[in-house]
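With mmCIF, C-alpha atoms inside, this is my_file22.cif:
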data_my_file
loop_
_atom_site.label_atom_id
_atom_site.label_comp_id
_atom_site.auth_asym_id
_atom_site.auth_seq_id
_atom_site.Cartn_x
_atom_site.Cartn_y
_atom_site.Cartn_z
CA MET A 125 197.35 -240.70 -65.17
CA LEU A 126 194.42 -243.16 -65.08
CA ALA A 127 193.23 -241.67 -61.79
CA MET A 128 193.10 -238.23 -63.40
CA PHE A 129 191.55 -239.68 -66.55
CA GLY A 130 188.74 -241.27 -64.50
CA ALA A 131 187.95 -238.17 -62.42
CA ALA A 132 185.11 -237.15 -64.74
CA ALA A 133 183.48 -240.54 -64.11
CA LEU A 134 183.64 -239.84 -60.36
CA ALA A 135 181.74 -236.61 -61.05
CA VAL A 136 179.13 -238.40 -63.17
CA GLY A 137 178.60 -241.11 -60.55
CA LEU A 138 178.24 -238.59 -57.73
CA ALA A 139 175.86 -236.29 -59.58
CA ARG A 140 173.72 -239.13 -60.93
CA ALA A 141 173.40 -240.72 -57.49
CA VAL A 142 172.42 -237.41 -55.89
CA THR A 143 169.84 -236.66 -58.58
CA THR A 144 168.35 -240.14 -58.82
CA THR A 145 168.16 -240.66 -55.06
CA TYR A 146 167.13 -237.24 -53.79
CA LEU A 147 165.22 -235.52 -56.60
CA PRO A 148 162.22 -237.78 -55.78
CA VAL A 149 162.49 -236.55 -52.18
CA LEU A 150 162.11 -232.94 -53.36
CA LEU A 151 159.18 -233.91 -55.57
CA GLU A 152 157.46 -235.75 -52.72
CA ALA A 153 157.79 -232.64 -50.52
CA ILE A 154 155.81 -230.66 -53.13
CA ASN A 155 153.12 -233.30 -53.62
CA ASP A 156 153.07 -236.92 -52.48
CA ALA A 157 152.11 -238.45 -55.84
CA PRO A 158 154.18 -241.62 -56.47
CA GLY A 159 152.84 -242.12 -59.99
CA LEU A 160 153.73 -238.58 -60.99
CA ILE A 161 157.16 -238.88 -59.38
CA GLY A 162 157.79 -242.00 -61.43
CA ALA A 163 156.74 -240.18 -64.59
CA VAL A 164 159.11 -237.29 -63.86
CA MET A 165 162.01 -239.67 -63.27
CA LEU A 166 161.58 -241.04 -66.79
CA VAL A 167 163.76 -238.08 -67.83
CA ASN A 168 166.70 -240.28 -66.80
CA PRO A 169 166.29 -243.07 -69.41
CA LEU A 170 165.02 -240.51 -71.93
CA ALA A 171 168.24 -238.51 -71.67
CA GLY A 172 170.26 -241.71 -71.51
CA PHE A 173 168.92 -242.74 -74.90
CA PHE A 174 169.12 -239.51 -76.93
CA ALA A 175 172.20 -237.75 -75.50
CA PRO A 176 174.71 -240.52 -76.33
CA LEU A 177 173.48 -240.78 -79.93
CA VAL A 178 173.73 -237.03 -80.53
CA VAL A 179 177.11 -236.67 -78.83
CA GLY A 180 178.42 -239.71 -80.69
CA VAL A 181 177.63 -238.33 -84.14
CA TRP A 182 178.71 -234.76 -83.42
CA SER A 183 182.01 -235.74 -81.82
CA ASP A 184 182.90 -237.92 -84.80
CA ARG A 185 182.21 -235.00 -87.13
CA ARG A 186 184.89 -232.93 -85.44
CA GLY A 187 187.64 -235.52 -85.80
CA GLY A 188 191.10 -234.95 -84.40
CA ARG A 189 192.84 -235.95 -81.21
CA THR A 190 190.69 -233.82 -78.90
CA ALA A 191 187.37 -234.39 -80.69
CA ARG A 192 185.53 -235.45 -77.51
CA VAL A 193 186.88 -232.80 -75.14
CA PRO A 194 184.31 -230.05 -76.00
CA PHE A 195 181.48 -232.51 -75.40
CA LEU A 196 182.92 -233.55 -72.06
CA ILE A 197 183.19 -229.90 -71.04
CA GLY A 198 179.75 -229.05 -72.41
CA GLY A 199 178.17 -232.02 -70.65
CA ALA A 200 179.76 -231.04 -67.35
CA LEU A 201 178.52 -227.44 -67.71
CA LEU A 202 174.99 -228.56 -68.62
CA ALA A 203 174.86 -231.04 -65.73
CA ALA A 204 176.14 -228.45 -63.26
CA GLY A 205 173.56 -225.97 -64.53
CA GLY A 206 170.81 -228.56 -64.13
CA LEU A 207 171.90 -229.35 -60.57
CA ALA A 208 171.99 -225.65 -59.72
CA ALA A 209 168.50 -225.26 -61.23
CA ILE A 210 167.24 -228.08 -59.00
CA ALA A 211 168.67 -226.24 -56.00
CA VAL A 212 166.99 -222.98 -57.03
CA GLY A 213 163.73 -224.75 -57.91
CA THR A 214 163.42 -226.63 -54.61
CA GLY A 215 159.83 -226.32 -53.42
CA SER A 216 158.61 -224.77 -56.70
CA SER A 217 156.77 -227.23 -58.98
CA TYR A 218 157.02 -230.62 -60.65
CA LEU A 219 157.52 -229.00 -64.07
CA VAL A 220 160.48 -226.88 -62.97
CA LEU A 221 162.21 -229.80 -61.28
CA ALA A 222 161.48 -232.11 -64.22
CA LEU A 223 163.12 -229.71 -66.67
CA ALA A 224 166.08 -229.20 -64.34
CA GLY A 225 166.42 -232.95 -63.92
CA LEU A 226 166.28 -233.45 -67.70
CA ALA A 227 169.11 -230.92 -68.17
CA THR A 228 171.15 -232.70 -65.51
CA TYR A 229 170.74 -236.13 -67.04
CA LEU A 230 171.39 -234.86 -70.58
CA GLY A 231 174.66 -233.33 -69.42
CA LEU A 232 175.72 -236.41 -67.48
CA SER A 233 174.89 -238.83 -70.31
CA GLY A 234 176.64 -236.65 -72.88
CA ALA A 235 179.77 -236.27 -70.76
CA LEU A 236 179.92 -239.98 -70.00
CA THR A 237 179.60 -240.87 -73.70
CA ALA A 238 182.37 -238.49 -74.70
CA HIS A 239 184.54 -239.78 -71.87
CA ARG A 240 184.06 -243.44 -72.82
CA ALA A 241 184.56 -242.79 -76.54
CA THR A 242 188.08 -241.56 -75.84
CA ILE A 243 189.01 -245.09 -74.75
CA ALA A 244 188.17 -246.54 -78.16
CA ALA A 245 189.75 -243.57 -79.96
CA ARG A 246 192.96 -243.00 -78.02
CA PHE A 247 193.91 -246.11 -76.04
CA ASP A 248 195.40 -249.22 -77.58
CA GLU A 249 193.77 -252.61 -77.02
CA GLU A 250 196.04 -253.60 -74.16
CA ALA A 251 195.32 -250.43 -72.16
CA ARG A 252 191.53 -250.34 -72.62
CA PRO A 253 190.58 -252.69 -69.75
CA ALA A 254 192.63 -250.61 -67.29
CA ALA A 255 191.17 -247.34 -68.57
CA THR A 256 187.61 -248.68 -68.40
CA SER A 257 188.28 -250.08 -64.93
CA ALA A 258 189.45 -246.63 -63.80
CA GLN A 259 186.23 -245.12 -65.13
CA GLU A 260 183.91 -247.72 -63.61
CA LEU A 261 185.62 -247.75 -60.22
CA GLN A 262 185.45 -243.98 -59.91
CA ARG A 263 181.86 -243.89 -61.15
CA SER A 264 180.90 -246.46 -58.49
CA ALA A 265 182.83 -244.55 -55.82
CA GLY A 266 181.08 -241.36 -56.88
CA GLY A 267 177.71 -243.06 -56.61
CA LEU A 268 178.46 -244.27 -53.09
CA LEU A 269 179.76 -240.84 -52.09
CA GLY A 270 176.69 -239.13 -53.51
CA VAL A 271 174.29 -241.35 -51.58
CA VAL A 272 176.18 -241.05 -48.28
CA VAL A 273 176.82 -237.30 -48.42
CA GLY A 274 173.34 -236.71 -49.78
CA GLY A 275 171.83 -238.59 -46.85
CA VAL A 276 173.61 -236.20 -44.48
CA LEU A 277 172.75 -232.98 -46.34
CA ILE A 278 169.25 -233.61 -47.67
CA ALA A 279 167.54 -233.17 -44.31
CA ALA A 280 169.60 -230.13 -43.34
CA SER A 281 169.74 -228.25 -46.65
CA PRO A 282 168.57 -229.73 -49.98
CA ARG A 283 169.76 -226.62 -51.80
CA LEU A 284 173.28 -227.02 -50.39
CA LEU A 285 173.33 -230.66 -51.51
CA PHE A 286 172.60 -229.87 -55.16
CA VAL A 287 174.86 -226.79 -55.23
CA ALA A 288 177.71 -228.90 -53.82
CA ALA A 289 177.04 -231.58 -56.46
CA ALA A 290 177.14 -228.93 -59.21
CA ALA A 291 180.47 -227.62 -57.95
CA ALA A 292 181.88 -231.16 -57.72
CA VAL A 293 180.99 -231.87 -61.35
CA LEU A 294 182.90 -228.81 -62.55
CA VAL A 295 185.94 -229.36 -60.33
CA LEU A 296 186.29 -233.08 -61.07
CA ALA A 297 186.01 -232.59 -64.84
CA VAL A 298 189.20 -230.49 -64.88
CA PRO A 299 191.77 -233.31 -64.34
CA THR A 300 190.21 -235.42 -67.09
CA VAL A 301 190.17 -232.52 -69.54
CA ARG A 302 193.83 -231.81 -68.80
CA VAL A 303 194.78 -235.43 -69.51
CA LEU A 304 192.86 -235.45 -72.79
CA ILE A 305 194.33 -232.16 -74.02
CA ARG A 306 197.89 -233.06 -73.12
CA ARG A 307 199.79 -235.11 -75.68
CA ASP A 308 200.68 -238.43 -74.07
CA PRO A 309 201.77 -241.52 -76.02
CA ALA A 310 200.03 -243.72 -73.46
CA THR A 311 196.66 -242.20 -74.31
CA ASP A 312 197.29 -241.29 -77.91
CA ALA A 313 198.46 -244.54 -79.49
CA ALA A 314 197.12 -243.74 -82.93
CA GLY A 315 194.85 -240.71 -82.72
CA ASP A 316 191.73 -240.13 -84.73
CA ARG A 317 191.94 -240.33 -88.50
CA ASP A 318 190.65 -237.64 -90.80
CA HIS A 319 187.20 -238.22 -92.28
CA ASP A 320 186.47 -238.68 -95.94
CA ARG A 321 182.94 -237.46 -95.25
CA ARG A 322 180.89 -236.03 -92.41
CA PRO A 323 179.15 -238.70 -90.32
CA SER A 324 175.38 -238.47 -90.05
CA ALA A 325 172.68 -240.01 -87.86
CA ARG A 326 172.24 -242.74 -90.47
CA ASP A 327 175.73 -243.96 -89.64
CA LEU A 328 174.43 -245.07 -86.23
CA LEU A 329 173.00 -248.10 -88.05
CA ALA A 330 176.57 -249.16 -88.80
CA VAL A 331 176.59 -250.89 -85.41
CA VAL A 332 173.74 -253.13 -86.55
CA ARG A 333 175.62 -253.99 -89.73
CA ARG A 334 179.04 -254.51 -88.09
CA PRO A 335 179.61 -258.20 -87.20
CA GLY A 336 180.95 -258.51 -83.70
CA ALA A 337 179.88 -255.05 -82.55
CA ARG A 338 176.17 -255.82 -82.87
CA GLU A 339 176.58 -259.07 -80.90
CA VAL A 340 178.37 -257.33 -78.03
CA VAL A 341 175.71 -254.58 -77.93
CA LEU A 342 172.99 -257.25 -77.75
CA ALA A 343 174.85 -259.09 -75.00
CA GLN A 344 175.18 -255.86 -73.03
CA GLY A 345 171.45 -255.23 -73.30
CA LEU A 346 170.80 -258.70 -71.87
CA TRP A 347 173.13 -258.44 -68.89
CA VAL A 348 171.87 -254.91 -68.11
CA LEU A 349 168.33 -256.32 -68.22
CA ALA A 350 169.48 -258.91 -65.68
CA TYR A 351 170.68 -256.54 -62.96
CA VAL A 352 169.51 -252.98 -63.53
CA ALA A 353 166.15 -253.26 -61.72
CA LEU A 354 167.66 -254.70 -58.54
CA PRO A 355 169.01 -251.44 -57.02
CA THR A 356 165.58 -249.82 -57.44
CA PHE A 357 163.75 -252.66 -55.72
CA PHE A 358 166.48 -253.84 -53.33
CA VAL A 359 165.15 -252.18 -50.17
CA LEU A 360 161.66 -253.56 -50.85
CA TYR A 361 163.12 -257.01 -51.62
CA ALA A 362 165.18 -256.99 -48.42
CA ARG A 363 162.14 -256.01 -46.37
CA ASP A 364 159.77 -258.50 -48.03
CA VAL A 365 162.04 -261.55 -48.39
CA LEU A 366 164.95 -261.14 -45.98
CA ASP A 367 163.04 -259.30 -43.22
CA LEU A 368 165.64 -256.53 -43.10
CA GLN A 369 165.03 -252.89 -42.24
CA THR A 370 166.28 -250.10 -44.49
CA PRO A 371 169.58 -249.39 -42.63
CA GLU A 372 170.47 -253.11 -42.64
CA SER A 373 169.65 -253.50 -46.33
CA SER A 374 171.85 -250.52 -47.16
CA PHE A 375 174.81 -252.30 -45.52
CA VAL A 376 174.17 -255.39 -47.63
CA LEU A 377 173.95 -253.26 -50.76
CA GLY A 378 177.18 -251.49 -49.81
CA GLY A 379 178.94 -254.83 -49.43
CA VAL A 380 177.69 -255.86 -52.87
CA GLY A 381 179.18 -252.64 -54.25
CA LEU A 382 182.58 -253.41 -52.71
CA LEU A 383 182.64 -256.88 -54.27
CA ALA A 384 181.66 -255.38 -57.62
CA GLY A 385 184.67 -253.09 -57.22
CA ALA A 386 186.86 -256.16 -56.72
CA GLY A 387 185.57 -257.49 -60.04
CA MET A 388 186.37 -254.17 -61.72
CA LEU A 389 189.91 -254.16 -60.32
CA THR A 390 190.45 -257.71 -61.52
CA ALA A 391 189.12 -256.87 -64.98
CA GLY A 392 191.43 -253.88 -65.29
CA ARG A 393 194.51 -256.08 -64.92
CA LEU A 394 193.63 -258.61 -67.62
CA SER A 395 195.55 -258.97 -70.87
CA PRO A 396 193.62 -258.65 -74.16
CA ARG A 397 193.55 -262.42 -74.76
CA LEU A 398 191.72 -262.97 -71.44
CA VAL A 399 189.04 -260.30 -71.97
CA GLN A 400 186.57 -262.48 -73.87
CA PRO A 401 186.81 -265.55 -71.55
CA ALA A 402 186.47 -263.27 -68.51
CA LEU A 403 183.44 -261.61 -70.09
CA LEU A 404 181.78 -265.01 -70.55
CA ALA A 405 182.64 -265.94 -66.97
CA GLY A 406 181.22 -262.65 -65.71
CA ALA A 407 177.89 -263.23 -67.45
CA VAL A 408 177.69 -266.74 -65.94
CA LEU A 409 178.55 -265.50 -62.45
CA LEU A 410 176.05 -262.64 -62.68
CA GLY A 411 173.20 -264.88 -63.84
CA ALA A 412 174.00 -267.74 -61.47
CA GLY A 413 174.38 -265.50 -58.42
CA LEU A 414 171.10 -263.64 -58.91
CA THR A 415 168.97 -266.68 -59.76
CA LEU A 416 170.47 -268.72 -56.92
CA ALA A 417 169.81 -265.91 -54.43
CA ALA A 418 166.12 -266.05 -55.36
CA ALA A 419 165.91 -269.52 -53.77
CA PHE A 420 166.71 -268.28 -50.25
CA ASP A 421 164.90 -266.10 -47.73
CA ASP A 422 167.65 -265.81 -45.13
CA VAL A 423 170.25 -263.06 -45.25
CA GLY A 424 173.07 -265.42 -44.35
CA ALA A 425 172.20 -267.76 -47.20
CA VAL A 426 172.03 -265.05 -49.88
CA LEU A 427 175.37 -263.42 -49.09
CA LEU A 428 177.42 -265.91 -51.12
CA PRO A 429 175.15 -265.77 -54.22
CA PHE A 430 175.15 -261.97 -54.04
CA ALA A 431 178.95 -261.98 -53.79
CA VAL A 432 179.16 -264.17 -56.90
CA ALA A 433 176.73 -261.92 -58.79
CA ALA A 434 178.55 -258.75 -57.70
CA PHE A 435 181.92 -260.03 -58.90
CA GLY A 436 180.35 -261.05 -62.22
CA PHE A 437 178.77 -257.62 -62.53
CA GLY A 438 182.17 -256.00 -62.05
CA LEU A 439 183.64 -258.12 -64.84
CA VAL A 440 180.94 -257.54 -67.46
CA ASN A 441 180.51 -253.87 -66.68
CA THR A 442 184.23 -253.25 -67.06
CA LEU A 443 185.13 -255.57 -69.93
CA GLY A 444 182.08 -255.12 -72.15
CA PHE A 445 183.23 -251.86 -73.70
CA PRO A 446 186.89 -252.83 -74.24
CA TYR A 447 185.72 -255.97 -76.04
CA PHE A 448 183.18 -253.97 -78.03
CA SER A 449 185.88 -251.49 -79.06
CA ARG A 450 187.77 -254.25 -80.90
CA PHE A 451 185.15 -254.00 -83.62
CA VAL A 452 185.17 -250.17 -83.72
CA GLU A 453 187.23 -247.99 -86.04
CA ARG A 454 188.87 -245.09 -84.22
CA ASP A 455 187.17 -242.43 -86.33
CA ALA A 456 183.76 -243.96 -85.50
CA ALA A 457 184.36 -244.21 -81.75
CA GLY A 458 181.76 -241.56 -80.90
CA ARG A 459 178.93 -243.11 -82.91
CA PHE A 460 179.60 -246.63 -81.69
CA SER A 461 179.94 -245.47 -78.06
CA GLY A 462 176.68 -243.54 -78.38
CA VAL A 463 174.82 -246.64 -79.52
CA TYR A 464 176.47 -248.69 -76.76
CA PHE A 465 175.13 -246.36 -74.06
CA ALA A 466 171.75 -245.86 -75.74
CA VAL A 467 171.14 -249.60 -75.59
CA ARG A 468 171.77 -249.50 -71.85
CA ALA A 469 169.00 -246.92 -71.50
CA VAL A 470 166.62 -249.06 -73.55
CA ALA A 471 167.40 -252.12 -71.42
CA ALA A 472 166.79 -250.12 -68.23
CA ALA A 473 163.47 -248.82 -69.56
CA VAL A 474 162.38 -252.41 -70.27
CA ALA A 475 163.77 -253.88 -67.04
CA LEU A 476 161.86 -251.75 -64.53
CA PRO A 477 158.30 -252.53 -65.69
CA LEU A 478 159.34 -256.13 -66.32
CA ALA A 479 160.54 -256.37 -62.73
CA GLY A 480 157.17 -255.11 -61.51
CA LEU A 481 155.48 -257.77 -63.62
CA MET A 482 157.77 -260.47 -62.21
CA VAL A 483 156.86 -259.39 -58.68
CA GLN A 484 153.16 -259.64 -59.50
CA LEU A 485 153.51 -263.06 -61.14
CA THR A 486 155.60 -264.57 -58.33
CA GLY A 487 153.83 -262.77 -55.48
CA SER A 488 157.19 -261.80 -54.00
CA TYR A 489 160.00 -259.34 -54.61
CA ARG A 490 162.31 -262.31 -55.16
CA GLY A 491 160.90 -262.21 -58.71
CA VAL A 492 163.27 -259.30 -59.37
CA LEU A 493 166.20 -261.68 -58.89
CA LEU A 494 164.79 -264.19 -61.37
CA GLN A 495 165.30 -261.52 -64.02
CA GLY A 496 169.00 -262.24 -63.59
CA ALA A 497 168.59 -265.29 -65.84
CA ALA A 498 168.79 -262.88 -68.79
CA ALA A 499 172.56 -262.79 -68.21
CA PHE A 500 172.78 -266.42 -69.38
CA LEU A 501 171.26 -265.41 -72.72
CA ALA A 502 174.17 -263.01 -73.23
CA LEU A 503 176.46 -266.01 -73.71
CA VAL A 504 174.99 -266.67 -77.16
CA PRO A 505 175.87 -263.31 -78.80
CA LEU A 506 179.21 -263.21 -76.94
CA THR A 507 180.15 -266.57 -78.45
CA ARG A 508 179.21 -265.34 -81.92
CA ALA A 509 181.28 -262.19 -81.37
CA ALA A 510 184.28 -264.34 -80.40
CA ARG A 511 184.08 -266.18 -83.72
CA GLU A 512 184.00 -262.86 -85.58
CA ASP A 513 186.96 -261.60 -83.54
CA ARG A 514 189.02 -264.65 -84.51
CA GLU A 515 188.11 -264.19 -88.16
CA GLN A 516 189.16 -260.54 -88.13
CA ARG A 517 192.47 -261.32 -86.45
CA ARG A 518 193.24 -264.02 -89.03
#

For this file, write the structure as C-alpha cells.
Amino acid sequence: MLAMFGAAALAVGLARAVTTTYLPVLLEAINDAPGLIGAVMLVNPLAGFFAPLVVGVWSDRRGGRTARVPFLIGGALLAAGGLAAIAVGTGSSYLVLALAGLATYLGLSGALTAHRATIAARFDEEARPAATSAQELQRSAGGLLGVVVGGVLIAASPRLLFVAAAAAVLVLAVPTVRVLIRRDPATDAAGDRDHDRRPSARDLLAVVRRPGAREVVLAQGLWVLAYVALPTFFVLYARDVLDLQTPESSFVLGGVGLLAGAGMLTAGRLSPRLVQPALLAGAVLLGAGLTLAAAFDDVGAVLLPFAVAAFGFGLVNTLGFPYFSRFVERDAAGRFSGVYFAVRAVAAAVALPLAGLMVQLTGSYRGVLLQGAAAFLALVPLTRAAREDREQRR
C-alpha cells in the first residue's frame, strides 16, 4: 500500500529532475546566455513558494476524506501539460520555455503539497514516518531515474525525453489516487473534520502563531539552507577541490544519494517516541559531515564526512514533516503543509546566492560546504519544539 501511495512522489522526482537538469540544456541551445538561463530557472523557487500556499488553502476549504485528491490530479495534469509544452517548444524561444517550465513546476509543487498533506490528514502518528519515508525514497529514486534516462535521451531526442516524462507523471499518479480514494483504515485513521468556517489565506499565519509548528518550520528552513546549494555546485566543487572530472563526481554524488536513502529507510522504521531524538541527531550529522568535509581536498578523505552528512540528510528530510504534523490539526493539514513547503522554497532562494558569496569569500568551492553549519542552528528551534510537544501531551 505504501509503495502505491508513494508512486506520485516517484513521478514528481522524475519530472523535476528532468526539468531542472535538461531545460537549461534546451535554453543553451537557443542562446548561450548563462545569466538569462539562471533567470529563467527562477520559475522553480517561484512556483515552489506560491503553489503550496494556494493548494493548501483550497484543499482545506473542500474538507472531507478525499479533499486533496483533486489537487493531486490537477497538479499531475498541469505538470504533464508543461512537460509536453517544453517538448513542443524545443528550439523556439526563452519565453515559451520559461512559461512551459513555470507550468511544470506549478503542477509538481501543487501535487507534492497535496500528496504530503494527506499524511497529516489521514495517517495516525505511528504511521507517518513510514508514509513519509515511502514518499521521500520514491522521490529520490525518481530524481535519479530522471537524470540517468535524461542523459541517454537528451542527445538523441529532447522532445522524446519530455514527452516520456509527461506520460510518466500521468501513469504514476494513478496508483496514488486509487489508494487515496479507496477507504482503508490504515490510511484513514480519523478523516478530516467538517469546517465551522471556510479557511482563507490569512489562516496561513496560524503556523507562525502555533507553538511547536513554527519552531519546526524554522528548523527546516535552516537545515535546507545547509544542504540545498550543494547539488547545484557539486560538480564545480569536485573539479576545483577534489580534482575530479564530471563522470567521477557523478559517481560520488550517486553514492551520497544511496546513503541518504539508507537514512530514509531507517527513519521510516522509527516509533513516534524516537522521531524527535533522531531528528536532532540528523541535524548534527548533516552539519558535522558537511563542515568536516570542507577541511579536506582528497576524495578518499571526504567520503566518510559525506556519508555522515548523507545519512543525516535522510533522517531530517524524512522525519521533519511527521514531527511537524504533531502540531497540526487534521482539518488544517493543507494550509500547514503549504507553509512547510513554501519555507523550503524560500530557503533554497536564499541558499544559492549565499553559496556564491561563500565561494567568493573563501576563494574556493569548499565554501559551499561551510554553509552546512546552518544545520547546527536548527537544534535550537527543535529543542523548543520538543518542550512544546511535552506540554501538549501532558

Practice item. Between CA of Val341 in chain A and CA of Ala412 in chain A, measure the distance and give it in Å to one decimal. Key: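 These two atoms are separated by 21.1 Å.
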
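You will find CA of Ala386 in chain A at 9.8 Å from CA of Gly436 in chain A.
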
Review point. Between A:Gly458, A:Leu394, A:Asp513, A:Ala469, which has the minimum distance to Ala251 in chain A (counting all atoms listed in the file)?
Key: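 Closest to Ala251 in chain A, using all atoms listed in the file: A:Leu394.
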
Exercise for review: In Å, rounded to a single decimal, give me how far CA of Leu409 in chain A is from CA of Ala433 in chain A.
Suggested key: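 So the two atoms, CA of Ala433 in chain A and CA of Leu409 in chain A, lie 5.4 Å apart.
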
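Ranking A:Leu383, A:Ala171, A:Ala222, A:Ala418 by their shortest atom-to-atom distance to Arg468 in chain A, with only C-alpha atoms included, puts A:Ala171 first.
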
**Study point:** All residues 9 Å or closer to Leu202 in chain A, all atoms listed in the file, same chain fewer than 4 positions away omitted, as a PyMOL selection string
**Key:** chain A and resi 197-198+206-207+227-232

Point to revise | Reference answer for the PyMOL selection byres ((chain A and resi 467) around 12), as number ranges by chain | key: A: 169-170, 172-177, 331-332, 338, 340-349, 460-466, 468-474

Check your understanding: If you count all atoms listed in the file, which residues fall within 12 Å of range 214-220 of chain A, apart from same-chain ones fewer than 5 positions away, as a VMD selection string?
Key -> chain A and resid 146 to 157 160 to 165 167 206 to 209 225 to 227 278 281 to 287

What are the nearest atom pairs, with distances in Å to one decimal, for all residues of range 399-430 of chain A that come at most 9 Å from range 482-498 of chain A, using only C-alpha atoms, set out by chain and rising residue number as a tab-separated table?
residue	atom	partner	partner_atom	distance
A:Leu410	CA	A:Gly496	CA	7.1
A:Gly411	CA	A:Gly496	CA	5.0
A:Ala412	CA	A:Ala497	CA	7.4
A:Gly413	CA	A:Gly496	CA	8.1
A:Leu414	CA	A:Leu493	CA	5.3
A:Thr415	CA	A:Leu494	CA	5.1
A:Leu416	CA	A:Leu493	CA	8.5
A:Ala417	CA	A:Leu493	CA	7.1
A:Ala418	CA	A:Arg490	CA	5.3
A:Ala419	CA	A:Arg490	CA	8.2
A:Phe420	CA	A:Arg490	CA	8.9
A:Asp421	CA	A:Arg490	CA	8.7

Check your understanding: Which residues fall under the PyMOL selection byres ((chain A and resi 389) around 9) in this file, as a list in words?
Key ->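 On this input, the PyMOL selection byres ((chain A and resi 389) around 9) captures Ala254, Ser257, Ala258, Leu261, Ala384, Gly385, Ala386, Gly387, Met388, Thr390, Ala391, Gly392, Arg393, Gly438, Leu439 and Thr442 of chain A.
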
Practice item. Taking the file above as input, evaluate the PyMOL selection byres ((chain A and resi 292) around 10) and report the hits as a list in words. Key: Ala132, Leu134, Ala135, Val136, Leu138, Ala139, Ala200, Ala204, Phe286, Val287, Ala288, Ala289, Ala290, Ala291, Val293, Leu294, Val295, Leu296 and Ala297 of chain A

Take the residues from that selection and put them in a file with C-alpha atoms, as a short mmCIF file (atom, residue, chain, number, x, y, z; two decimals), in the frame of the given file.
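File written: result38.cif
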data_model
loop_
_atom_site.label_atom_id
_atom_site.label_comp_id
_atom_site.auth_asym_id
_atom_site.auth_seq_id
_atom_site.Cartn_x
_atom_site.Cartn_y
_atom_site.Cartn_z
CA ALA A 132 185.11 -237.15 -64.74
CA LEU A 134 183.64 -239.84 -60.36
CA ALA A 135 181.74 -236.61 -61.05
CA VAL A 136 179.13 -238.40 -63.17
CA LEU A 138 178.24 -238.59 -57.73
CA ALA A 139 175.86 -236.29 -59.58
CA ALA A 200 179.76 -231.04 -67.35
CA ALA A 204 176.14 -228.45 -63.26
CA PHE A 286 172.60 -229.87 -55.16
CA VAL A 287 174.86 -226.79 -55.23
CA ALA A 288 177.71 -228.90 -53.82
CA ALA A 289 177.04 -231.58 -56.46
CA ALA A 290 177.14 -228.93 -59.21
CA ALA A 291 180.47 -227.62 -57.95
CA VAL A 293 180.99 -231.87 -61.35
CA LEU A 294 182.90 -228.81 -62.55
CA VAL A 295 185.94 -229.36 -60.33
CA LEU A 296 186.29 -233.08 -61.07
CA ALA A 297 186.01 -232.59 -64.84
#

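Take the candidates A:Tyr351, A:Ala211, A:Ala265, A:Ala244 and check each one against Leu478 in chain A using all atoms listed in the file; the shortest distance goes to A:Tyr351.
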